[in-house]
>>> print(open('run-v2.cif').read())   # mmCIF, C-alpha atoms
data_structure
#
loop_
_atom_site.label_atom_id
_atom_site.label_comp_id
_atom_site.auth_asym_id
_atom_site.auth_seq_id
_atom_site.Cartn_x
_atom_site.Cartn_y
_atom_site.Cartn_z
CA MET A 1 22.35 4.20 14.42
CA ARG A 2 22.52 3.01 10.85
CA PRO A 3 19.98 1.89 8.28
CA LEU A 4 20.33 -1.43 6.48
CA ASN A 5 22.21 0.62 3.93
CA GLU A 6 22.46 4.34 3.37
CA LYS A 7 19.32 4.69 1.23
CA GLU A 8 16.89 1.86 1.81
CA GLY A 9 15.14 0.32 4.71
CA ALA A 10 13.54 -3.09 4.68
CA VAL A 11 10.27 -4.63 5.81
CA LEU A 12 10.23 -7.98 7.57
CA TRP A 13 6.63 -9.21 7.54
CA PHE A 14 5.87 -11.93 10.11
CA THR A 15 2.76 -13.93 9.20
CA GLY A 16 1.19 -16.92 10.91
CA LEU A 17 -1.69 -18.09 13.05
CA SER A 18 -2.63 -16.47 16.34
CA GLY A 19 -0.27 -17.90 18.95
CA SER A 20 2.36 -19.00 16.43
CA GLY A 21 5.03 -16.72 17.90
CA LYS A 22 4.99 -13.77 15.50
CA THR A 23 5.02 -11.10 18.19
CA THR A 24 7.58 -12.83 20.40
CA THR A 25 9.93 -13.43 17.47
CA ALA A 26 9.53 -9.94 15.99
CA ARG A 27 10.11 -8.33 19.40
CA GLU A 28 13.33 -10.28 19.91
CA ALA A 29 14.54 -9.63 16.35
CA ALA A 30 13.87 -5.90 16.85
CA SER A 31 15.90 -5.97 20.05
CA VAL A 32 18.84 -7.69 18.34
CA LEU A 33 18.73 -5.23 15.43
CA CYS A 34 18.72 -2.28 17.85
CA GLU A 35 21.75 -3.75 19.62
CA GLN A 36 23.48 -3.97 16.24
CA GLY A 37 22.83 -0.27 15.65
CA TYR A 38 20.00 -0.44 13.14
CA ARG A 39 17.11 1.98 13.10
CA VAL A 40 14.15 -0.23 13.88
CA GLU A 41 10.38 0.14 14.03
CA TRP A 42 8.14 -2.70 15.14
CA LEU A 43 4.49 -2.64 14.11
CA ASP A 44 2.27 -5.19 15.84
CA GLY A 45 -1.11 -5.93 14.24
CA ASP A 46 -2.89 -6.51 17.55
CA GLU A 47 -1.60 -3.26 19.05
CA LEU A 48 -2.45 -1.28 15.91
CA ARG A 49 -6.01 -2.64 16.03
CA LYS A 50 -6.43 -0.76 19.33
CA THR A 51 -5.43 2.58 17.80
CA LEU A 52 -4.98 2.92 14.04
CA SER A 53 -7.70 0.39 13.21
CA SER A 54 -10.01 0.66 16.22
CA ASP A 55 -12.89 1.34 13.82
CA LEU A 56 -12.48 -2.02 12.04
CA GLY A 57 -13.86 -5.48 12.66
CA PHE A 58 -12.73 -8.83 11.30
CA THR A 59 -14.64 -9.14 8.05
CA PRO A 60 -12.42 -9.80 5.02
CA ALA A 61 -12.86 -6.17 3.93
CA ASP A 62 -11.95 -4.87 7.40
CA ARG A 63 -8.93 -7.16 7.58
CA LEU A 64 -7.74 -5.89 4.20
CA GLU A 65 -8.13 -2.27 5.31
CA HIS A 66 -6.21 -3.00 8.51
CA ILE A 67 -3.34 -4.46 6.48
CA ARG A 68 -3.47 -1.55 4.01
CA ARG A 69 -3.01 0.88 6.91
CA ILE A 70 -0.08 -1.12 8.30
CA VAL A 71 1.51 -1.23 4.84
CA GLU A 72 1.32 2.57 4.58
CA LEU A 73 2.97 2.98 7.99
CA ALA A 74 5.67 0.47 7.13
CA LYS A 75 6.33 2.18 3.80
CA THR A 76 6.82 5.55 5.48
CA HIS A 77 9.28 4.14 8.02
CA ALA A 78 11.20 2.06 5.47
CA ALA A 79 11.57 5.12 3.23
CA SER A 80 13.70 6.72 5.96
CA GLY A 81 16.10 3.77 6.05
CA THR A 82 14.44 1.99 8.95
CA VAL A 83 14.16 -1.78 9.28
CA VAL A 84 10.45 -2.31 9.90
CA LEU A 85 9.21 -5.49 11.53
CA VAL A 86 5.50 -6.18 11.11
CA SER A 87 3.83 -8.93 13.14
CA ALA A 88 0.31 -9.43 11.83
CA ILE A 89 -1.64 -12.59 11.04
CA THR A 90 -2.27 -11.38 7.45
CA PRO A 91 -4.34 -14.48 6.68
CA TYR A 92 -4.83 -14.15 2.94
CA ARG A 93 -2.16 -14.53 0.27
CA SER A 94 -3.67 -11.58 -1.61
CA MET A 95 -2.97 -9.32 1.39
CA ARG A 96 0.66 -10.40 1.54
CA ALA A 97 0.98 -10.01 -2.25
CA TYR A 98 -0.33 -6.46 -1.89
CA ALA A 99 2.21 -5.70 0.86
CA ARG A 100 4.99 -7.18 -1.28
CA SER A 101 3.96 -5.06 -4.28
CA VAL A 102 4.00 -1.81 -2.30
CA LEU A 103 6.84 -2.22 0.19
CA PRO A 104 10.54 -1.91 -0.60
CA ARG A 105 12.91 -4.75 0.26
CA PHE A 106 10.07 -6.93 1.53
CA MET A 107 10.83 -10.18 3.33
CA GLU A 108 7.93 -12.47 4.15
CA ILE A 109 8.65 -14.57 7.23
CA TYR A 110 6.24 -17.43 7.76
CA VAL A 111 6.02 -18.26 11.46
CA GLU A 112 4.84 -21.81 11.04
CA CYS A 113 3.31 -23.58 13.99
CA PRO A 114 0.67 -26.33 14.05
CA LEU A 115 -2.83 -25.23 15.00
CA GLU A 116 -2.84 -27.62 17.99
CA VAL A 117 0.27 -25.96 19.40
CA CYS A 118 -1.17 -22.47 18.86
CA GLU A 119 -4.30 -23.55 20.71
CA ARG A 120 -2.25 -24.86 23.64
CA ARG A 121 -0.33 -21.56 23.81
CA ASP A 122 -3.53 -19.48 23.82
CA VAL A 123 -3.58 -17.92 27.29
CA LYS A 124 -6.56 -15.68 26.41
CA GLY A 125 -8.74 -18.65 25.45
CA LEU A 126 -9.57 -17.18 22.03
CA TYR A 127 -9.41 -20.49 20.20
CA ALA A 128 -11.77 -22.13 22.70
CA LYS A 129 -14.22 -19.24 22.27
CA ALA A 130 -13.91 -19.46 18.49
CA ARG A 131 -14.60 -23.22 18.57
CA LEU A 132 -17.75 -22.49 20.56
CA GLY A 133 -18.84 -19.98 17.93
CA LEU A 134 -18.39 -17.02 20.27
CA ILE A 135 -15.79 -15.33 18.05
CA PRO A 136 -16.81 -15.14 14.39
CA ASN A 137 -14.24 -14.97 11.56
CA PHE A 138 -11.45 -16.38 13.73
CA THR A 139 -8.42 -17.24 11.62
CA GLY A 140 -7.69 -20.94 11.55
CA ILE A 141 -11.09 -21.92 12.96
CA SER A 142 -14.00 -20.16 11.22
CA ASP A 143 -11.92 -18.19 8.71
CA ALA A 144 -9.12 -19.31 6.45
CA TYR A 145 -5.40 -18.92 6.87
CA GLU A 146 -3.62 -19.31 3.56
CA PRO A 147 -0.02 -20.33 4.26
CA PRO A 148 2.62 -18.59 2.16
CA GLU A 149 3.70 -20.42 -0.96
CA HIS A 150 6.99 -18.57 -1.45
CA ALA A 151 8.03 -16.91 1.80
CA GLU A 152 11.63 -15.73 1.89
CA LEU A 153 11.99 -17.45 5.24
CA THR A 154 10.03 -20.02 7.23
CA ILE A 155 10.68 -20.48 10.93
CA HIS A 156 9.23 -23.22 13.12
CA THR A 157 8.51 -21.98 16.61
CA ASP A 158 7.38 -25.41 17.79
CA GLU A 159 10.67 -27.04 16.73
CA HIS A 160 13.35 -24.39 17.30
CA SER A 161 14.27 -21.95 20.03
CA LEU A 162 13.63 -18.23 19.83
CA THR A 163 17.38 -17.63 19.65
CA TYR A 164 17.78 -20.05 16.74
CA ASN A 165 14.89 -18.49 14.81
CA VAL A 166 16.15 -14.95 15.35
CA GLU A 167 19.61 -15.99 14.16
CA LYS A 168 18.00 -17.34 10.96
CA ILE A 169 16.22 -14.00 10.50
CA MET A 170 19.45 -12.04 11.00
CA LEU A 171 21.25 -14.22 8.42
CA ALA A 172 18.44 -13.73 5.91
CA LEU A 173 18.40 -9.97 6.50
CA HIS A 174 22.15 -9.67 6.07
CA ALA A 175 21.92 -11.76 2.88
CA LEU A 176 19.26 -9.34 1.61
CA ASP A 177 21.78 -6.55 2.09
CA GLY A 178 24.61 -8.52 0.48
CA HIS A 179 26.69 -9.11 3.61
#
>>> encode(input="run-v2.cif", output="C-alpha cells")
Amino acid sequence: MRPLNEKEGAVLWFTGLSGSGKTTTAREAASVLCEQGYRVEWLDGDELRKTLSSDLGFTPADRLEHIRRIVELAKTHAASGTVVLVSAITPYRSMRAYARSVLPRFMEIYVECPLEVCERRDVKGLYAKARLGLIPNFTGISDAYEPPEHAELTIHTDEHSLTYNVEKIMLALHALDGH
C-alpha cells in the first residue's frame, strides 16, 4: 500500500443533492484507488449519521456539527497518508469552505445532477415525503443546497457513466500529486 505521496494524504469531498450519485461514485473511486495500491478511507455522511452523529438532527446547526465531526475524522486519516473520500451532501458553501480551510490537499467534487433526476432515483421515497411536508429541512426541497462556485471537479452523473466519472476523478487526483 502507498499513500498519495510519502507524507501527505488527500481528501476528496463529494457534494451534491440526495440521490445525485455521491455514494456510488465515491465507493467506486475508493475501489479503484485500493486496486492501485493506495491507502483509502471512505466516510459516508449517511452512515456516519447512524453512529458518530446519531445525536444530531437536520437543523443548520446540527448539519454543521455533523460536517465538523466528519472533517475531524478525515483530517486524522489524511495525516497518516491516506486518501480519504467523503460523500456527504454538505449543502452550504460555508461548510465546504470550513472543510477546505482545515483539510490538507482538499479536492471538492461536485456531483451535479438535476433535482428531477435525483427524485426519480429516490428508492426510499424521501423526496416525495419532503414535498408532502413530512420531512422538514430536506435539502433541495425545504432547505437550500448551495452549489459549489469553484469546485476542483464537477461530474455529471445524469450525463456520464460511473466509469467515465471515476476516470475523471483519478486524473484529477493524479494531477494534484503532479503525475
>>> residues_around(input="run-v2.cif", residues="Leu85 in chain A", least_positions_apart="3", cutoff="10 Å", atoms="only C-alpha atoms", output="count of residues only")
21
>>> atom_distance(input="run-v2.cif", atom1="CA of Tyr98 in chain A", atom2="CA of Lys168 in chain A")
24.9 Å
>>> closest_residue(input="run-v2.cif", among="A:Thr154, A:Asn137, A:Ser94, A:Ser87", to="Thr24 in chain A", atoms="all atoms listed in the file")
A:Ser87
>>> closest_residue(input="run-v2.cif", among="A:Asp46, A:Val102, A:Thr59, A:Tyr110", to="Pro136 in chain A", atoms="only C-alpha atoms")
A:Thr59
>>> closest_residue(input="run-v2.cif", among="A:Arg93, A:Arg105, A:Lys75, A:Lys124", to="Ala144 in chain A", atoms="all atoms listed in the file")
A:Arg93
